[in-house]
Structure formats: C-alpha cells, structure tokens
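Participant: Have a peek at query_15.pdb (PDB, C-alpha atoms).
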ATOM      1  CA  MET A   1     -28.204  42.504  32.392  1.00  0.00           C
ATOM      2  CA  LEU A   2     -31.323  40.377  32.682  1.00  0.00           C
ATOM      3  CA  PHE A   3     -30.311  38.106  29.813  1.00  0.00           C
ATOM      4  CA  LYS A   4     -26.729  37.275  28.965  1.00  0.00           C
ATOM      5  CA  PRO A   5     -25.847  36.378  25.362  1.00  0.00           C
ATOM      6  CA  ALA A   6     -25.373  32.649  24.875  1.00  0.00           C
ATOM      7  CA  LEU A   7     -22.473  33.239  22.495  1.00  0.00           C
ATOM      8  CA  LYS A   8     -19.766  35.422  24.008  1.00  0.00           C
ATOM      9  CA  ASP A   9     -17.581  35.830  20.923  1.00  0.00           C
ATOM     10  CA  ALA A  10     -19.119  37.831  18.064  1.00  0.00           C
ATOM     11  CA  ARG A  11     -17.518  35.423  15.605  1.00  0.00           C
ATOM     12  CA  ASP A  12     -19.689  32.638  17.000  1.00  0.00           C
ATOM     13  CA  TYR A  13     -22.730  34.455  15.606  1.00  0.00           C
ATOM     14  CA  GLN A  14     -20.977  34.767  12.264  1.00  0.00           C
ATOM     15  CA  ILE A  15     -20.164  31.046  12.202  1.00  0.00           C
ATOM     16  CA  LEU A  16     -23.745  30.184  13.121  1.00  0.00           C
ATOM     17  CA  CYS A  17     -25.212  32.425  10.415  1.00  0.00           C
ATOM     18  CA  LEU A  18     -22.837  31.291   7.671  1.00  0.00           C
ATOM     19  CA  GLY A  19     -23.468  27.664   8.554  1.00  0.00           C
ATOM     20  CA  LEU A  20     -27.225  28.187   8.426  1.00  0.00           C
ATOM     21  CA  PHE A  21     -26.919  29.999   5.081  1.00  0.00           C
ATOM     22  CA  LEU A  22     -24.953  27.079   3.702  1.00  0.00           C
ATOM     23  CA  ILE A  23     -27.670  24.651   4.775  1.00  0.00           C
ATOM     24  CA  LEU A  24     -30.331  27.025   3.436  1.00  0.00           C
ATOM     25  CA  GLY A  25     -28.657  27.227   0.045  1.00  0.00           C
ATOM     26  CA  LEU A  26     -28.151  23.484  -0.207  1.00  0.00           C
ATOM     27  CA  THR A  27     -31.751  22.685   0.703  1.00  0.00           C
ATOM     28  CA  THR A  28     -33.683  25.461  -1.076  1.00  0.00           C
ATOM     29  CA  ARG A  29     -31.565  26.352  -4.103  1.00  0.00           C
ATOM     30  CA  ASP A  30     -30.409  24.217  -7.025  1.00  0.00           C
ATOM     31  CA  TRP A  31     -26.726  24.789  -6.387  1.00  0.00           C
ATOM     32  CA  THR A  32     -23.835  23.017  -8.045  1.00  0.00           C
ATOM     33  CA  LEU A  33     -22.079  23.096  -4.685  1.00  0.00           C
ATOM     34  CA  ARG A  34     -20.312  19.868  -3.776  1.00  0.00           C
ATOM     35  CA  LEU A  35     -20.185  18.744  -0.161  1.00  0.00           C
ATOM     36  CA  ASP A  36     -16.647  17.472  -0.636  1.00  0.00           C
ATOM     37  CA  GLY A  37     -15.724  21.007  -1.711  1.00  0.00           C
ATOM     38  CA  VAL A  38     -17.129  22.354   1.548  1.00  0.00           C
ATOM     39  CA  ALA A  39     -15.158  19.751   3.486  1.00  0.00           C
ATOM     40  CA  VAL A  40     -11.949  20.607   1.623  1.00  0.00           C
ATOM     41  CA  ALA A  41     -12.415  24.348   2.197  1.00  0.00           C
ATOM     42  CA  ILE A  42     -13.000  23.997   5.932  1.00  0.00           C
ATOM     43  CA  ALA A  43     -10.355  21.319   6.497  1.00  0.00           C
ATOM     44  CA  THR A  44      -7.720  23.256   4.542  1.00  0.00           C
ATOM     45  CA  THR A  45      -8.344  26.551   6.319  1.00  0.00           C
ATOM     46  CA  LEU A  46      -8.163  24.897   9.744  1.00  0.00           C
ATOM     47  CA  ALA A  47      -5.072  22.860   8.838  1.00  0.00           C
ATOM     48  CA  THR A  48      -3.267  25.871   7.361  1.00  0.00           C
ATOM     49  CA  GLN A  49      -4.078  28.002  10.402  1.00  0.00           C
ATOM     50  CA  PHE A  50      -2.771  25.282  12.712  1.00  0.00           C
ATOM     51  CA  ALA A  51       0.393  24.659  10.676  1.00  0.00           C
ATOM     52  CA  LEU A  52       1.323  28.336  10.385  1.00  0.00           C
ATOM     53  CA  THR A  53       0.590  28.961  14.065  1.00  0.00           C
ATOM     54  CA  GLN A  54       2.899  26.094  14.985  1.00  0.00           C
ATOM     55  CA  PHE A  55       5.543  27.367  12.569  1.00  0.00           C
ATOM     56  CA  ILE A  56       5.518  30.862  14.066  1.00  0.00           C
ATOM     57  CA  ASN A  57       5.631  29.544  17.629  1.00  0.00           C
ATOM     58  CA  ALA A  58       8.675  27.453  16.701  1.00  0.00           C
ATOM     59  CA  GLN A  59      10.665  30.478  15.531  1.00  0.00           C
ATOM     60  CA  PRO A  60      13.567  31.494  17.836  1.00  0.00           C
ATOM     61  CA  ARG A  61      12.049  34.818  18.869  1.00  0.00           C
ATOM     62  CA  PHE A  62       8.891  33.038  20.027  1.00  0.00           C
ATOM     63  CA  THR A  63      10.336  29.963  21.720  1.00  0.00           C
ATOM     64  CA  THR A  64      11.305  31.973  24.800  1.00  0.00           C
ATOM     65  CA  ALA A  65       8.011  33.856  24.941  1.00  0.00           C
ATOM     66  CA  PRO A  66       5.919  32.982  28.016  1.00  0.00           C
ATOM     67  CA  ASP A  67       2.699  32.726  26.003  1.00  0.00           C
ATOM     68  CA  PRO A  68       2.831  31.162  22.526  1.00  0.00           C
ATOM     69  CA  ILE A  69       0.275  32.228  19.949  1.00  0.00           C
ATOM     70  CA  PRO A  70      -2.855  30.121  20.549  1.00  0.00           C
ATOM     71  CA  PHE A  71      -4.559  28.210  17.759  1.00  0.00           C
ATOM     72  CA  ASN A  72      -7.473  30.352  16.578  1.00  0.00           C
ATOM     73  CA  TRP A  73     -10.106  28.064  15.045  1.00  0.00           C
ATOM     74  CA  ARG A  74     -12.916  30.589  14.614  1.00  0.00           C
ATOM     75  CA  SER A  75     -11.263  32.739  11.965  1.00  0.00           C
ATOM     76  CA  PRO A  76     -10.328  29.882   9.580  1.00  0.00           C
ATOM     77  CA  LEU A  77     -13.749  28.288  10.047  1.00  0.00           C
ATOM     78  CA  ILE A  78     -15.406  31.570   9.019  1.00  0.00           C
ATOM     79  CA  THR A  79     -13.099  31.751   6.010  1.00  0.00           C
ATOM     80  CA  GLY A  80     -13.879  28.161   5.022  1.00  0.00           C
ATOM     81  CA  LEU A  81     -17.619  28.758   5.251  1.00  0.00           C
ATOM     82  CA  GLY A  82     -17.315  31.990   3.280  1.00  0.00           C
ATOM     83  CA  LEU A  83     -15.368  30.274   0.507  1.00  0.00           C
ATOM     84  CA  SER A  84     -17.953  27.497   0.404  1.00  0.00           C
ATOM     85  CA  LEU A  85     -20.760  30.024  -0.028  1.00  0.00           C
ATOM     86  CA  LEU A  86     -19.159  32.290  -2.624  1.00  0.00           C
ATOM     87  CA  LEU A  87     -16.564  30.315  -4.601  1.00  0.00           C
ATOM     88  CA  ARG A  88     -17.276  27.576  -7.125  1.00  0.00           C
ATOM     89  CA  VAL A  89     -14.591  25.305  -8.574  1.00  0.00           C
ATOM     90  CA  ASP A  90     -14.397  22.390 -10.983  1.00  0.00           C
ATOM     91  CA  HIS A  91     -11.604  20.630  -9.119  1.00  0.00           C
ATOM     92  CA  LEU A  92     -11.015  20.204  -5.394  1.00  0.00           C
ATOM     93  CA  PRO A  93      -7.315  21.225  -5.488  1.00  0.00           C
ATOM     94  CA  THR A  94      -8.456  24.673  -6.624  1.00  0.00           C
ATOM     95  CA  MET A  95     -10.613  25.023  -3.516  1.00  0.00           C
ATOM     96  CA  ALA A  96      -7.712  23.819  -1.385  1.00  0.00           C
ATOM     97  CA  LEU A  97      -5.446  26.392  -3.037  1.00  0.00           C
ATOM     98  CA  ALA A  98      -7.916  29.198  -2.361  1.00  0.00           C
ATOM     99  CA  ALA A  99      -8.321  28.120   1.265  1.00  0.00           C
ATOM    100  CA  ALA A 100      -4.583  27.783   1.910  1.00  0.00           C
ATOM    101  CA  LEU A 101      -3.733  31.143   0.324  1.00  0.00           C
ATOM    102  CA  ALA A 102      -6.592  32.800   2.195  1.00  0.00           C
ATOM    103  CA  ILE A 103      -5.187  31.780   5.574  1.00  0.00           C
ATOM    104  CA  ALA A 104      -1.570  32.345   4.538  1.00  0.00           C
ATOM    105  CA  SER A 105      -2.429  35.947   3.631  1.00  0.00           C
ATOM    106  CA  LYS A 106      -3.269  36.590   7.297  1.00  0.00           C
ATOM    107  CA  PHE A 107       0.278  35.724   8.311  1.00  0.00           C
ATOM    108  CA  VAL A 108       2.069  37.423   5.410  1.00  0.00           C
ATOM    109  CA  PHE A 109       0.225  40.692   4.847  1.00  0.00           C
ATOM    110  CA  ARG A 110       0.201  42.304   8.267  1.00  0.00           C
ATOM    111  CA  THR A 111       0.657  45.723   9.776  1.00  0.00           C
ATOM    112  CA  GLU A 112       0.708  46.537  13.484  1.00  0.00           C
ATOM    113  CA  SER A 113       0.067  42.861  14.285  1.00  0.00           C
ATOM    114  CA  LYS A 114      -3.148  42.798  12.221  1.00  0.00           C
ATOM    115  CA  HIS A 115      -3.805  41.422   8.757  1.00  0.00           C
ATOM    116  CA  PHE A 116      -5.127  43.994   6.309  1.00  0.00           C
ATOM    117  CA  PHE A 117      -6.718  41.715   3.690  1.00  0.00           C
ATOM    118  CA  ASN A 118      -9.932  39.849   4.282  1.00  0.00           C
ATOM    119  CA  PRO A 119      -8.643  36.261   3.977  1.00  0.00           C
ATOM    120  CA  GLY A 120     -11.751  34.924   2.240  1.00  0.00           C
ATOM    121  CA  ASN A 121     -11.675  37.698  -0.345  1.00  0.00           C
ATOM    122  CA  PHE A 122      -7.951  37.147  -0.890  1.00  0.00           C
ATOM    123  CA  GLY A 123      -8.497  33.433  -1.464  1.00  0.00           C
ATOM    124  CA  ILE A 124     -11.299  34.031  -3.960  1.00  0.00           C
ATOM    125  CA  ILE A 125      -9.298  36.590  -5.953  1.00  0.00           C
ATOM    126  CA  ALA A 126      -6.251  34.311  -5.897  1.00  0.00           C
ATOM    127  CA  ALA A 127      -8.250  31.359  -7.225  1.00  0.00           C
ATOM    128  CA  LEU A 128      -9.867  33.459  -9.956  1.00  0.00           C
ATOM    129  CA  THR A 129      -6.487  34.875 -10.971  1.00  0.00           C
ATOM    130  CA  LEU A 130      -4.289  31.798 -10.775  1.00  0.00           C
ATOM    131  CA  THR A 131      -6.605  29.079 -12.089  1.00  0.00           C
ATOM    132  CA  GLN A 132      -8.989  28.478 -14.961  1.00  0.00           C
ATOM    133  CA  ASP A 133     -11.679  26.534 -13.114  1.00  0.00           C
ATOM    134  CA  ALA A 134     -12.831  28.934 -10.401  1.00  0.00           C
ATOM    135  CA  TRP A 135     -15.764  31.317 -10.570  1.00  0.00           C
ATOM    136  CA  VAL A 136     -18.335  33.127  -8.460  1.00  0.00           C
ATOM    137  CA  SER A 137     -22.084  32.958  -9.007  1.00  0.00           C
ATOM    138  CA  PRO A 138     -23.728  36.284  -8.046  1.00  0.00           C
ATOM    139  CA  GLY A 139     -27.205  35.060  -8.966  1.00  0.00           C
ATOM    140  CA  GLN A 140     -27.137  31.818  -7.005  1.00  0.00           C
ATOM    141  CA  TRP A 141     -29.693  33.093  -4.481  1.00  0.00           C
ATOM    142  CA  GLY A 142     -32.227  34.156  -7.092  1.00  0.00           C
ATOM    143  CA  GLU A 143     -34.432  37.204  -6.544  1.00  0.00           C
ATOM    144  CA  GLU A 144     -36.756  36.055  -3.773  1.00  0.00           C
ATOM    145  CA  LEU A 145     -37.251  38.832  -1.237  1.00  0.00           C
ATOM    146  CA  TRP A 146     -37.184  36.589   1.803  1.00  0.00           C
ATOM    147  CA  TYR A 147     -33.541  35.630   1.236  1.00  0.00           C
ATOM    148  CA  GLY A 148     -32.603  39.299   1.441  1.00  0.00           C
ATOM    149  CA  LEU A 149     -34.637  39.738   4.612  1.00  0.00           C
ATOM    150  CA  VAL A 150     -32.930  36.741   6.202  1.00  0.00           C
ATOM    151  CA  PHE A 151     -29.488  38.082   5.264  1.00  0.00           C
ATOM    152  CA  LEU A 152     -30.294  41.562   6.564  1.00  0.00           C
ATOM    153  CA  GLY A 153     -31.670  40.241   9.835  1.00  0.00           C
ATOM    154  CA  ALA A 154     -28.776  37.890  10.497  1.00  0.00           C
ATOM    155  CA  GLY A 155     -26.226  40.389   9.215  1.00  0.00           C
ATOM    156  CA  GLY A 156     -27.658  43.084  11.447  1.00  0.00           C
ATOM    157  CA  LEU A 157     -27.251  40.799  14.446  1.00  0.00           C
ATOM    158  CA  VAL A 158     -23.607  40.101  13.611  1.00  0.00           C
ATOM    159  CA  LEU A 159     -22.733  43.706  12.764  1.00  0.00           C
ATOM    160  CA  LYS A 160     -24.318  44.907  15.989  1.00  0.00           C
ATOM    161  CA  ARG A 161     -22.072  42.534  17.900  1.00  0.00           C
ATOM    162  CA  VAL A 162     -18.879  43.560  16.079  1.00  0.00           C
ATOM    163  CA  GLY A 163     -19.760  47.231  15.553  1.00  0.00           C
ATOM    164  CA  ARG A 164     -18.976  47.317  11.820  1.00  0.00           C
ATOM    165  CA  TRP A 165     -22.092  48.933  10.326  1.00  0.00           C
ATOM    166  CA  ASP A 166     -19.965  51.817   9.035  1.00  0.00           C
ATOM    167  CA  THR A 167     -17.741  49.520   6.959  1.00  0.00           C
ATOM    168  CA  THR A 168     -20.649  47.646   5.412  1.00  0.00           C
ATOM    169  CA  GLY A 169     -22.566  50.854   4.756  1.00  0.00           C
ATOM    170  CA  ALA A 170     -19.565  52.475   3.084  1.00  0.00           C
ATOM    171  CA  PHE A 171     -19.024  49.414   0.890  1.00  0.00           C
ATOM    172  CA  LEU A 172     -22.662  49.204  -0.234  1.00  0.00           C
ATOM    173  CA  LEU A 173     -22.829  52.940  -0.920  1.00  0.00           C
ATOM    174  CA  SER A 174     -19.599  52.864  -2.933  1.00  0.00           C
ATOM    175  CA  TYR A 175     -20.727  49.789  -4.854  1.00  0.00           C
ATOM    176  CA  ALA A 176     -24.091  51.355  -5.682  1.00  0.00           C
ATOM    177  CA  LEU A 177     -22.389  54.556  -6.872  1.00  0.00           C
ATOM    178  CA  LEU A 178     -19.898  52.703  -9.071  1.00  0.00           C
ATOM    179  CA  GLU A 179     -22.671  50.573 -10.539  1.00  0.00           C
ATOM    180  CA  ALA A 180     -24.670  53.742 -11.267  1.00  0.00           C
ATOM    181  CA  LEU A 181     -21.707  55.303 -13.084  1.00  0.00           C
ATOM    182  CA  ARG A 182     -21.218  52.101 -15.063  1.00  0.00           C
ATOM    183  CA  ASN A 183     -24.907  52.054 -15.879  1.00  0.00           C
ATOM    184  CA  LEU A 184     -24.761  55.617 -17.204  1.00  0.00           C
ATOM    185  CA  TYR A 185     -21.619  54.947 -19.225  1.00  0.00           C
ATOM    186  CA  LEU A 186     -23.079  51.869 -20.913  1.00  0.00           C
ATOM    187  CA  GLY A 187     -26.486  53.454 -21.435  1.00  0.00           C
ATOM    188  CA  TRP A 188     -28.380  50.732 -19.622  1.00  0.00           C
ATOM    189  CA  THR A 189     -31.826  51.239 -18.122  1.00  0.00           C
ATOM    190  CA  TRP A 190     -32.073  51.718 -14.369  1.00  0.00           C
ATOM    191  CA  ASP A 191     -33.830  48.417 -13.843  1.00  0.00           C
ATOM    192  CA  VAL A 192     -30.476  46.793 -14.664  1.00  0.00           C
ATOM    193  CA  TRP A 193     -28.862  48.827 -11.876  1.00  0.00           C
ATOM    194  CA  ALA A 194     -31.604  47.840  -9.429  1.00  0.00           C
ATOM    195  CA  HIS A 195     -31.309  44.197 -10.444  1.00  0.00           C
ATOM    196  CA  ARG A 196     -27.574  44.153  -9.724  1.00  0.00           C
ATOM    197  CA  LEU A 197     -28.146  45.637  -6.273  1.00  0.00           C
ATOM    198  CA  MET A 198     -30.706  42.963  -5.389  1.00  0.00           C
ATOM    199  CA  SER A 199     -28.178  40.132  -5.512  1.00  0.00           C
ATOM    200  CA  GLY A 200     -28.275  37.863  -2.482  1.00  0.00           C
ATOM    201  CA  SER A 201     -24.561  37.217  -2.881  1.00  0.00           C
ATOM    202  CA  LEU A 202     -23.904  40.965  -2.678  1.00  0.00           C
ATOM    203  CA  LEU A 203     -25.714  41.198   0.654  1.00  0.00           C
ATOM    204  CA  LEU A 204     -23.986  38.082   1.925  1.00  0.00           C
ATOM    205  CA  PHE A 205     -20.611  39.494   0.928  1.00  0.00           C
ATOM    206  CA  ALA A 206     -21.277  42.961   2.347  1.00  0.00           C
ATOM    207  CA  LEU A 207     -22.690  41.769   5.660  1.00  0.00           C
ATOM    208  CA  PHE A 208     -20.313  38.913   6.407  1.00  0.00           C
ATOM    209  CA  MET A 209     -17.178  39.174   4.243  1.00  0.00           C
ATOM    210  CA  VAL A 210     -16.175  42.852   4.086  1.00  0.00           C
TER
END
Before we go any further, please render this structure as structure tokens.

Facilitator:
Amino acid sequence: MLFKPALKDARDYQILCLGLFLILGLTTRDWTLRLDGVAVAIATTLATQFALTQFINAQPRFTTAPDPIPFNWRSPLITGLGLSLLLRVDHLPTMALAAALAIASKFVFRTESKHFFNPGNFGIIAALTLTQDAWVSPGQWGEELWYGLVFLGAGGLVLKRVGRWDTTGAFLLSYALLEALRNLYLGWTWDVWAHRLMSGSLLLFALFMV
C-alpha cells in the first residue's frame, strides 16, 4: 500500500468522530449538555471497565492463566462519548448510573465470549427505565442538511473500517418501515414520516451506536 492508515484500530476512527461531534454540538448548537456530565460519563465508563477487568482477572480460574485480560480503554471511551451525545440527565448520579450499567452489561450479558447488547444503548434504556430525570433529545441537531452530510461522511469512514454497513442498513430500513406503518395507523401526513427520518440523532445512532 502506498499510504498506510494513521489509525490502525477501527475504533480509533469512531473515537475521533464521536469526539468531534461532541465539540461540534457544543459549539454550534444550543445544547443543555453539561461538561461535568461528559466528564462523569467518560470517567465512570473507564473506571467501571478497569474495575471489572481487575475483578475478573482476580478470579481463581484466571489467576493461573498465562495472559490476564488486558484493560480495554477504547470500548468504554466510545460508550462514554455516545452517552454524552445521546443522553440528557438532570443529575450527575443518573449519568454515572447509566455509564456503570452500560459497561457492566458487557461483562454480564455474554455469549461465546462476546457481549450481545450495545453497552451505550443498554445504559440509555436503563437510565430511562430506572430514573425520572433522564431523557433523549432526537431534535438536538436541528434540520440543517450539512449535519447529516457530516454524519454520513464520517459514519461511512467508520463503517468501511469495521465492515458493518449491513447492520446499519438493516436498522435504518426497519426503522423507516415501522415509522411508515405507525404513520399510516395514526393517519399522519407523509411529511411527518420524512421529518422523523431526517433526525441527526437517528443518523448518529445508526452509524455509530448500532
């Protein structure tokens, strides 16, 4: 190859994009996002990942293993950034709860040595279900076209690296179909359906969180 990629791990691209989106949202949108909430989300995901990794390595069946499980910082950082972008809370302990449960789900809900829930999604659903001060804001990116183009461009780069276009495509197609059925059932006009599919948060979720 004439040019080698500067970032060898595909998750590095995801971290870079999510971090840039966070800065973009803070500087160009009138968000209610608190920087201390971002700090709590990232610190809690990293701390929980570290603590649970240490706990597993200390178990008897792992103490004699030649190679203990290494601390994986990329995955919790991605989860922390995702929570910061999609979840809004009134109190910081709620964000900490979402972050801790998100990472814990990776260690609890596993099959064939792989977790089967997206940790960020699990944390968001847990916070919405267990607390009264958590919510998501689908319209936080507004309707400007250039946000969607930025998300598609960056998301395409990440999905090309990880090879997950099929998953994202299936999710968006299923979501559009379900929204169409809901639209028909409620008798809404089709501009409502189109409006719901133009959400920046939907693209962000589909491209980086599915």

Participant: Please identify all polymer residues lying at most 12 Å from the point (-6.9, 38.9, -3.2) (file coordinates), using only C-alpha atoms, and present the result as a PyMOL selection string.

Facilitator: chain A and resi 98-99+101-106+109+116-130

Participant: Apply the PyMOL selection byres ((chain A and resi 191-200) around 8) to the file shown and report the selected residues as a list in words.

Facilitator: Pro138, Gly139, Gln140, Trp141, Gly142, Glu143, Tyr147, Gly148, Phe151, Ala176, Glu179, Ala180, Asn183, Trp188, Thr189, Trp190, Ser201, Leu202, Leu203 and Leu204 of chain A

Participant: Take CA of Val136 in chain A and CA of Leu85 in chain A and report the distance between them in Å, one decimal.

Facilitator: 9.3 Å

Participant: Can you pull out the residues contacting range 46-53 of chain A? Cut-off 9 Å, using only C-alpha atoms, and skip same-chain residues under 5 positions away; I want them as a PyMOL selection string.

Facilitator: chain A and resi 41+58+69-77+80+99-101+103-104+107

Participant: Which residues fall under the PyMOL selection byres ((chain A and resi 208) around 9) in this file, as number ranges by chain?

Facilitator: A: 14, 18, 82, 155, 158-159, 168, 203-207, 209-210

Participant: Excluding Leu157 in chain A and any residue of its chain fewer than 2 positions from it, enumerate the residues within 12 Å of it, using all atoms listed in the file, and give them as an NGL selection string.

Facilitator: :A and (5 or 10-14 or 16-17 or 150-155 or 159-165 or 207-208)

Participant: If you count all atoms listed in the file, which residues fall within 8 Å of Leu92 in chain A, apart from same-chain ones fewer than 6 positions away, as a PyMOL selection string?

Facilitator: chain A and resi 36-37+40

Participant: So how far away is CA of Ser174 in chain A from CA of Gly19 in chain A, in Å?

Facilitator: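 For CA of Gly19 in chain A relative to CA of Ser174 in chain A, the distance reads 28.0 Å.
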
Participant: Provide the CA of Thr131 in chain A to CA of Thr94 in chain A distance in Å, to one decimal place.

Facilitator: 7.3 Å

Participant: Could you tell me, as a ChimeraX atom specification, exactly which residues end up selected when the PyMOL selection byres ((chain A and resi 88-90) around 6) is applied to this structure?

Facilitator: /A:87,91,133-136

Participant: Restricting the calculation to only C-alpha atoms, which member of A:Glu144, A:Pro60, A:Leu181, A:Glu112 is positioned closest to Arg29 in chain A?

Facilitator: A:Glu144

Participant: Please list as a ChimeraX atom specification every residue within 12 Å of Leu26 in chain A, counting only C-alpha atoms and excluding residues in the same chain fewer than 4 positions away.

Facilitator: /A:19-22,30-35,38,84-85,140-141
